[in-house]
Amino acid sequence: MRIDVITIFPEYLEPLNVSLVGKARARGQLDVHLHDLRSWTTDVHRTVDDTPYGGGPGMVMKPEPWGAALDAVLAQGADALASGEGADAGAAAGAGEGSGDGGVPAGEVPTLVVPTPSGRPFTQELAQELAGRPWLAFAPARYEGIDRRVIEEAATRMPVVEASIGDYVLAGGEVAVLVMVEAIARLLPGVLGNAESHRDDSFAPGAMADLLEGPVYTKPAEWRGREVPEVLLSGHHGKIARWRREQAFARTLAHRPDLVDRWQLGAFDKKEREALSVLGLRWDGEAGRFRSVADAVEE
Ligand code: ADE
């Protein structure tokens, strides 16, 4: 996968050299290019922002540097990919750098990802979807955001995804890029050591959809008087799987009751329904969702 990031703080993206993403880059599975937005300014002060039309606080990122940067990055990336440079985690794992089949047909455009608190939620599902694209370009903004026309014009040339990593406002989109790139990179074929390791993640499609992962333990079996739950030492895979699922139910109910509202009765077998009942959850057929007994009593 090729990734371009256009930012006024390329140094903010240094962590992309470290750990999982850094290793994926070193192995040639991820081809990351950082670009300084100010290289596309034309004045001596290298200005990237201006006051907002209509008034209001803060500054808005000017359209001209962004337009020129996107033009250049699109042209550079298309040339590089057409000539077979870069990485392709989509090819057989371990194909490595310069494998020749960059994965992007010549002339293809990136998907532009614009981190913004007013975007759609960046979920595991969106990470999965983006992990299937051969080329992503990120446009993290500072100040109050980027002049809207940049996004509109870009959308005439390439797919654009505006995404938020949570209901809070950061000083800029760079940290959101780090979050998104890490979430996407670990889903690429061959990037995680064990191909199964994201199967049990919270939110993973399938059995973990709408569920938070439960607690995990390692050696020693006893630490500061606290013992690892016995079932995990039993070697009984069926019981362990059931226990983990029940822990996930309890954790989800405690931390994310909004996810419980999405659960459907048919997703649970008889024993799981019993476990939900022990947690005080009853299926309300009329409402089409589980309700906690405590809530029912209150109403
Ligand atoms: N930029 C500022 N806040 C953000 C958020 N919550 N998500 C994505 N980008 C942002």
# chains A, B, ... in the order shown; residues from 1 in each chain; ligands from 1
$ residues_around --residues "A:Gly145" --least-positions-apart "2" --cutoff "7 Å" --atoms "only C-alpha atoms" --output "MDAnalysis selection string"
chainID A and resid 60:61 141:143 147
$ write_last_selection --atoms "N, CA and C atoms" --output "tab-separated table (two decimals), in the first residue's frame"
chain	number	residue	atom	x	y	z
A	60	VAL	N	-8.39	29.75	8.57
A	60	VAL	CA	-8.78	28.65	7.68
A	60	VAL	C	-7.62	28.37	6.73
A	61	MET	N	-7.37	27.11	6.40
A	61	MET	CA	-6.26	26.78	5.49
A	61	MET	C	-6.64	27.19	4.07
A	141	ALA	N	-5.58	18.72	8.68
A	141	ALA	CA	-5.67	20.19	8.74
A	141	ALA	C	-5.21	20.68	10.10
A	142	ARG	N	-4.80	21.94	10.14
A	142	ARG	CA	-4.58	22.67	11.40
A	142	ARG	C	-5.62	23.79	11.42
A	143	TYR	N	-5.62	24.59	12.44
A	143	TYR	CA	-6.54	25.73	12.55
A	143	TYR	C	-8.00	25.25	12.49
A	147	ASP	N	-10.21	25.13	3.52
A	147	ASP	CA	-11.25	25.76	2.68
A	147	ASP	C	-12.06	24.64	2.00
$ residues_near_ligand --ligand "ligand 1" --cutoff "6 Å" --atoms "only C-alpha atoms and all ligand atoms" --output "NGL selection string"
:A and (115-117 or 163-173 or 176)
$ select_by_dssp --residues "stretch 42-216 of chain A" --states "strand (DSSP E)" --output "mmCIF file with all heavy atoms, in the first residue's frame"
data_model
loop_
_atom_site.group_PDB
_atom_site.id
_atom_site.type_symbol
_atom_site.label_atom_id
_atom_site.label_comp_id
_atom_site.auth_asym_id
_atom_site.auth_seq_id
_atom_site.Cartn_x
_atom_site.Cartn_y
_atom_site.Cartn_z
ATOM 1 N N ASP A 49 -2.545 29.842 5.790
ATOM 2 C CA ASP A 49 -3.863 30.115 6.381
ATOM 3 C C ASP A 49 -4.257 31.570 6.177
ATOM 4 O O ASP A 49 -3.434 32.414 5.846
ATOM 5 C CB ASP A 49 -3.858 29.770 7.873
ATOM 6 C CG ASP A 49 -2.840 30.597 8.656
ATOM 7 O OD1 ASP A 49 -1.825 31.026 8.061
ATOM 8 O OD2 ASP A 49 -3.059 30.827 9.855
ATOM 9 N N ASP A 50 -5.545 31.828 6.389
ATOM 10 C CA ASP A 50 -6.065 33.191 6.243
ATOM 11 C C ASP A 50 -7.337 33.285 7.085
ATOM 12 O O ASP A 50 -7.857 32.269 7.554
ATOM 13 C CB ASP A 50 -6.340 33.476 4.765
ATOM 14 C CG ASP A 50 -6.249 34.989 4.445
ATOM 15 O OD1 ASP A 50 -6.418 35.805 5.382
ATOM 16 O OD2 ASP A 50 -6.026 35.318 3.271
ATOM 17 N N VAL A 60 -8.385 29.745 8.572
ATOM 18 C CA VAL A 60 -8.778 28.648 7.680
ATOM 19 C C VAL A 60 -7.616 28.366 6.734
ATOM 20 O O VAL A 60 -6.923 29.298 6.299
ATOM 21 C CB VAL A 60 -10.046 29.041 6.885
ATOM 22 C CG1 VAL A 60 -10.392 27.985 5.837
ATOM 23 C CG2 VAL A 60 -11.221 29.260 7.838
ATOM 24 N N MET A 61 -7.366 27.106 6.402
ATOM 25 C CA MET A 61 -6.264 26.785 5.488
ATOM 26 C C MET A 61 -6.642 27.187 4.066
ATOM 27 O O MET A 61 -7.726 26.853 3.578
ATOM 28 C CB MET A 61 -5.902 25.307 5.587
ATOM 29 C CG MET A 61 -5.374 24.951 6.977
ATOM 30 S SD MET A 61 -4.590 23.330 7.046
ATOM 31 C CE MET A 61 -2.855 23.833 6.926
ATOM 32 N N THR A 111 -7.306 7.281 -2.571
ATOM 33 C CA THR A 111 -8.468 7.683 -1.775
ATOM 34 C C THR A 111 -7.955 8.761 -0.833
ATOM 35 O O THR A 111 -6.970 8.547 -0.127
ATOM 36 C CB THR A 111 -9.017 6.494 -0.975
ATOM 37 O OG1 THR A 111 -9.518 5.535 -1.902
ATOM 38 C CG2 THR A 111 -10.147 6.933 -0.037
ATOM 39 N N LEU A 112 -8.594 9.931 -0.865
ATOM 40 C CA LEU A 112 -8.158 11.036 -0.007
ATOM 41 C C LEU A 112 -8.868 10.926 1.338
ATOM 42 O O LEU A 112 -10.100 10.896 1.396
ATOM 43 C CB LEU A 112 -8.490 12.372 -0.670
ATOM 44 C CG LEU A 112 -8.051 13.622 0.112
ATOM 45 C CD1 LEU A 112 -6.531 13.718 0.209
ATOM 46 C CD2 LEU A 112 -8.611 14.887 -0.555
ATOM 47 N N VAL A 113 -8.085 10.837 2.415
ATOM 48 C CA VAL A 113 -8.660 10.747 3.752
ATOM 49 C C VAL A 113 -8.403 12.077 4.464
ATOM 50 O O VAL A 113 -7.255 12.498 4.600
ATOM 51 C CB VAL A 113 -8.052 9.583 4.560
ATOM 52 C CG1 VAL A 113 -8.731 9.480 5.928
ATOM 53 C CG2 VAL A 113 -8.191 8.272 3.796
ATOM 54 N N VAL A 114 -9.485 12.736 4.864
ATOM 55 C CA VAL A 114 -9.384 14.033 5.530
ATOM 56 C C VAL A 114 -9.840 13.867 6.982
ATOM 57 O O VAL A 114 -11.028 13.685 7.245
ATOM 58 C CB VAL A 114 -10.269 15.089 4.821
ATOM 59 C CG1 VAL A 114 -10.072 16.463 5.462
ATOM 60 C CG2 VAL A 114 -9.971 15.131 3.333
ATOM 61 N N PRO A 115 -8.876 13.872 7.934
ATOM 62 C CA PRO A 115 -9.281 13.752 9.338
ATOM 63 C C PRO A 115 -9.942 15.056 9.796
ATOM 64 O O PRO A 115 -9.382 16.125 9.602
ATOM 65 C CB PRO A 115 -7.964 13.541 10.096
ATOM 66 C CG PRO A 115 -6.918 13.323 9.058
ATOM 67 C CD PRO A 115 -7.423 13.967 7.802
ATOM 68 N N THR A 116 -11.103 14.945 10.369
ATOM 69 C CA THR A 116 -11.817 16.131 10.860
ATOM 70 C C THR A 116 -12.836 15.685 11.905
ATOM 71 O O THR A 116 -13.465 14.628 11.739
ATOM 72 C CB THR A 116 -12.539 16.894 9.724
ATOM 73 O OG1 THR A 116 -13.522 17.761 10.295
ATOM 74 C CG2 THR A 116 -13.235 15.968 8.741
ATOM 75 N N PRO A 117 -13.000 16.498 12.980
ATOM 76 C CA PRO A 117 -13.999 16.105 13.978
ATOM 77 C C PRO A 117 -15.407 16.095 13.397
ATOM 78 O O PRO A 117 -16.306 15.478 13.967
ATOM 79 C CB PRO A 117 -13.856 17.157 15.079
ATOM 80 C CG PRO A 117 -13.021 18.248 14.525
ATOM 81 C CD PRO A 117 -12.278 17.729 13.347
ATOM 82 N N SER A 118 -15.614 16.730 12.232
ATOM 83 C CA SER A 118 -16.955 16.689 11.643
ATOM 84 C C SER A 118 -17.119 15.603 10.585
ATOM 85 O O SER A 118 -18.091 15.610 9.828
ATOM 86 C CB SER A 118 -17.353 18.068 11.100
ATOM 87 O OG SER A 118 -16.260 18.772 10.627
ATOM 88 N N GLY A 119 -16.186 14.652 10.565
ATOM 89 C CA GLY A 119 -16.290 13.545 9.602
ATOM 90 C C GLY A 119 -17.113 12.389 10.133
ATOM 91 O O GLY A 119 -17.615 12.427 11.254
ATOM 92 N N ARG A 120 -17.242 11.335 9.313
ATOM 93 C CA ARG A 120 -17.936 10.126 9.778
ATOM 94 C C ARG A 120 -17.012 9.406 10.755
ATOM 95 O O ARG A 120 -15.778 9.571 10.692
ATOM 96 C CB ARG A 120 -18.301 9.225 8.595
ATOM 97 C CG ARG A 120 -17.101 8.705 7.824
ATOM 98 C CD ARG A 120 -17.502 7.984 6.557
ATOM 99 N NE ARG A 120 -17.628 6.564 6.784
ATOM 100 C CZ ARG A 120 -17.475 5.632 5.825
ATOM 101 N NH1 ARG A 120 -17.207 5.994 4.570
ATOM 102 N NH2 ARG A 120 -17.606 4.367 6.100
ATOM 103 N N PRO A 121 -17.554 8.616 11.676
ATOM 104 C CA PRO A 121 -16.686 7.965 12.658
ATOM 105 C C PRO A 121 -15.682 7.022 11.995
ATOM 106 O O PRO A 121 -16.048 6.259 11.099
ATOM 107 C CB PRO A 121 -17.665 7.180 13.536
ATOM 108 C CG PRO A 121 -18.994 7.805 13.319
ATOM 109 C CD PRO A 121 -18.991 8.333 11.905
ATOM 110 N N TRP A 135 -3.929 2.769 -2.403
ATOM 111 C CA TRP A 135 -3.233 4.060 -2.266
ATOM 112 C C TRP A 135 -4.122 5.009 -1.469
ATOM 113 O O TRP A 135 -5.280 5.237 -1.841
ATOM 114 C CB TRP A 135 -2.948 4.611 -3.667
ATOM 115 C CG TRP A 135 -2.216 5.898 -3.737
ATOM 116 C CD1 TRP A 135 -1.572 6.564 -2.720
ATOM 117 C CD2 TRP A 135 -2.026 6.703 -4.908
ATOM 118 N NE1 TRP A 135 -0.999 7.713 -3.181
ATOM 119 C CE2 TRP A 135 -1.255 7.823 -4.530
ATOM 120 C CE3 TRP A 135 -2.423 6.576 -6.251
ATOM 121 C CZ2 TRP A 135 -0.891 8.815 -5.440
ATOM 122 C CZ3 TRP A 135 -2.058 7.560 -7.147
ATOM 123 C CH2 TRP A 135 -1.286 8.669 -6.745
ATOM 124 N N LEU A 136 -3.570 5.535 -0.359
ATOM 125 C CA LEU A 136 -4.295 6.502 0.462
ATOM 126 C C LEU A 136 -3.481 7.790 0.535
ATOM 127 O O LEU A 136 -2.253 7.751 0.680
ATOM 128 C CB LEU A 136 -4.500 5.970 1.888
ATOM 129 C CG LEU A 136 -5.257 4.652 2.035
ATOM 130 C CD1 LEU A 136 -5.276 4.209 3.506
ATOM 131 C CD2 LEU A 136 -6.688 4.778 1.508
ATOM 132 N N ALA A 137 -4.161 8.932 0.451
ATOM 133 C CA ALA A 137 -3.500 10.229 0.681
ATOM 134 C C ALA A 137 -4.221 10.888 1.854
ATOM 135 O O ALA A 137 -5.457 10.943 1.862
ATOM 136 C CB ALA A 137 -3.582 11.092 -0.568
ATOM 137 N N PHE A 138 -3.460 11.340 2.843
ATOM 138 C CA PHE A 138 -4.057 11.963 4.025
ATOM 139 C C PHE A 138 -3.834 13.464 3.979
ATOM 140 O O PHE A 138 -2.740 13.935 3.656
ATOM 141 C CB PHE A 138 -3.437 11.399 5.304
ATOM 142 C CG PHE A 138 -3.876 9.996 5.612
ATOM 143 C CD1 PHE A 138 -3.201 8.904 5.085
ATOM 144 C CD2 PHE A 138 -4.970 9.759 6.428
ATOM 145 C CE1 PHE A 138 -3.606 7.605 5.362
ATOM 146 C CE2 PHE A 138 -5.392 8.467 6.715
ATOM 147 C CZ PHE A 138 -4.705 7.394 6.179
ATOM 148 N N VAL A 160 -13.182 10.573 -1.662
ATOM 149 C CA VAL A 160 -12.790 11.353 -0.481
ATOM 150 C C VAL A 160 -13.540 10.810 0.734
ATOM 151 O O VAL A 160 -14.749 10.597 0.678
ATOM 152 C CB VAL A 160 -13.124 12.847 -0.662
ATOM 153 C CG1 VAL A 160 -12.809 13.628 0.616
ATOM 154 C CG2 VAL A 160 -12.350 13.439 -1.838
ATOM 155 N N VAL A 161 -12.811 10.573 1.813
ATOM 156 C CA VAL A 161 -13.424 10.125 3.066
ATOM 157 C C VAL A 161 -13.047 11.119 4.149
ATOM 158 O O VAL A 161 -11.864 11.302 4.449
ATOM 159 C CB VAL A 161 -12.912 8.720 3.471
ATOM 160 C CG1 VAL A 161 -13.510 8.291 4.806
ATOM 161 C CG2 VAL A 161 -13.218 7.699 2.395
ATOM 162 N N GLU A 162 -14.038 11.802 4.716
ATOM 163 C CA GLU A 162 -13.786 12.678 5.863
ATOM 164 C C GLU A 162 -14.112 11.865 7.103
ATOM 165 O O GLU A 162 -15.224 11.342 7.228
ATOM 166 C CB GLU A 162 -14.663 13.918 5.785
ATOM 167 C CG GLU A 162 -14.295 14.801 4.600
ATOM 168 C CD GLU A 162 -15.238 15.986 4.481
ATOM 169 O OE1 GLU A 162 -14.954 17.029 5.083
ATOM 170 O OE2 GLU A 162 -16.268 15.837 3.801
ATOM 171 N N ALA A 163 -13.153 11.740 8.019
ATOM 172 C CA ALA A 163 -13.352 10.836 9.152
ATOM 173 C C ALA A 163 -12.861 11.441 10.457
ATOM 174 O O ALA A 163 -11.852 12.147 10.492
ATOM 175 C CB ALA A 163 -12.640 9.517 8.889
ATOM 176 N N SER A 164 -13.587 11.125 11.525
ATOM 177 C CA SER A 164 -13.241 11.594 12.870
ATOM 178 C C SER A 164 -12.830 10.409 13.734
ATOM 179 O O SER A 164 -13.458 9.351 13.686
ATOM 180 C CB SER A 164 -14.464 12.262 13.497
ATOM 181 O OG SER A 164 -14.280 12.392 14.893
#
$ closest_atom_pairs --of "stretch 146-206 of chain A" --to "stretch 4-21 of chain A" --cutoff "8 Å" --atoms "only C-alpha atoms" --output "JSON lines"
{"residue": "A:Glu174", "atom": "CA", "partner": "A:Tyr12", "partner_atom": "CA", "distance": 6.7}
{"residue": "A:Val175", "atom": "CA", "partner": "A:Tyr12", "partner_atom": "CA", "distance": 7.8}
{"residue": "A:Leu178", "atom": "CA", "partner": "A:Leu13", "partner_atom": "CA", "distance": 6.9}
{"residue": "A:Val181", "atom": "CA", "partner": "A:Val21", "partner_atom": "CA", "distance": 7.9}
{"residue": "A:Glu182", "atom": "CA", "partner": "A:Val21", "partner_atom": "CA", "distance": 6.4}
{"residue": "A:Ala185", "atom": "CA", "partner": "A:Val21", "partner_atom": "CA", "distance": 6.5}
{"residue": "A:Arg186", "atom": "CA", "partner": "A:Leu20", "partner_atom": "CA", "distance": 7.3}
{"residue": "A:Val191", "atom": "CA", "partner": "A:Leu20", "partner_atom": "CA", "distance": 7.4}
{"residue": "A:Leu192", "atom": "CA", "partner": "A:Leu20", "partner_atom": "CA", "distance": 7.7}
$ write_last_selection --atoms "N, CA and C atoms" --output "CSV table (one decimal), in the first residue's frame"
chain,number,residue,atom,x,y,z
A,174,GLU,N,-2.9,15.6,12.5
A,174,GLU,CA,-1.7,14.7,12.4
A,174,GLU,C,-1.9,13.5,13.3
A,175,VAL,N,-2.3,13.7,14.6
A,175,VAL,CA,-2.4,12.6,15.5
A,175,VAL,C,-3.5,11.6,15.0
A,178,LEU,N,-1.9,9.4,12.5
A,178,LEU,CA,-1.2,8.3,13.1
A,178,LEU,C,-2.1,7.2,13.6
A,181,VAL,N,-3.5,5.4,10.3
A,181,VAL,CA,-2.5,4.6,9.6
A,181,VAL,C,-2.2,3.3,10.4
A,182,GLU,N,-2.1,3.4,11.7
A,182,GLU,CA,-1.8,2.2,12.5
A,182,GLU,C,-2.9,1.2,12.5
A,185,ALA,N,-2.8,-0.3,8.9
A,185,ALA,CA,-1.6,-1.0,8.6
A,185,ALA,C,-1.6,-2.4,9.2
A,186,ARG,N,-2.1,-2.5,10.4
A,186,ARG,CA,-2.1,-3.8,11.1
A,186,ARG,C,-3.1,-4.8,10.4
A,191,VAL,N,1.4,-8.1,7.8
A,191,VAL,CA,1.9,-7.0,8.7
A,191,VAL,C,2.0,-7.5,10.2
A,192,LEU,N,0.9,-8.2,10.6
A,192,LEU,CA,1.0,-8.7,12.0
A,192,LEU,C,1.6,-10.1,11.9
$ closest_residue --among "A:Phe268, A:Trp66, A:Phe122, A:Trp223" --to "A:Ile146" --atoms "only C-alpha atoms"
A:Trp66
$ residues_around --residues "A:Ala250" --least-positions-apart "4" --cutoff "7 Å" --atoms "only C-alpha atoms" --output "JSON, numbers by chain"
{"A": [246, 254, 279]}
$ closest_residue --among "A:Gly190, A:Arg262, A:Asp43, A:Ala78" --to "A:Gly28" --atoms "only C-alpha atoms"
A:Gly190
$ residues_around --residues "stretch 230-242 of chain A" --least-positions-apart "6" --cutoff "9 Å" --atoms "only C-alpha atoms" --output "ChimeraX atom specification"
/A:217,221,271-272
$ write_last_selection --atoms "N, CA and C atoms" --output "short mmCIF file (atom, residue, chain, number, x, y, z; two decimals), in the first residue's frame"
data_model
loop_
_atom_site.label_atom_id
_atom_site.label_comp_id
_atom_site.auth_asym_id
_atom_site.auth_seq_id
_atom_site.Cartn_x
_atom_site.Cartn_y
_atom_site.Cartn_z
N TYR A 217 -4.42 -12.24 30.30
CA TYR A 217 -3.47 -12.55 31.38
C TYR A 217 -2.25 -13.25 30.81
N ALA A 221 1.12 -17.24 37.14
CA ALA A 221 -0.28 -17.58 37.40
C ALA A 221 -0.80 -16.87 38.66
N LYS A 271 -26.64 -21.11 25.77
CA LYS A 271 -25.78 -20.82 26.93
C LYS A 271 -25.43 -19.33 27.00
N GLU A 272 -25.24 -18.74 25.84
CA GLU A 272 -24.92 -17.30 25.83
C GLU A 272 -26.11 -16.48 26.31
#
$ atom_distance --atom1 "atom CA of A:Asp284" --atom2 "atom CA of A:Phe249"
17.3 Å
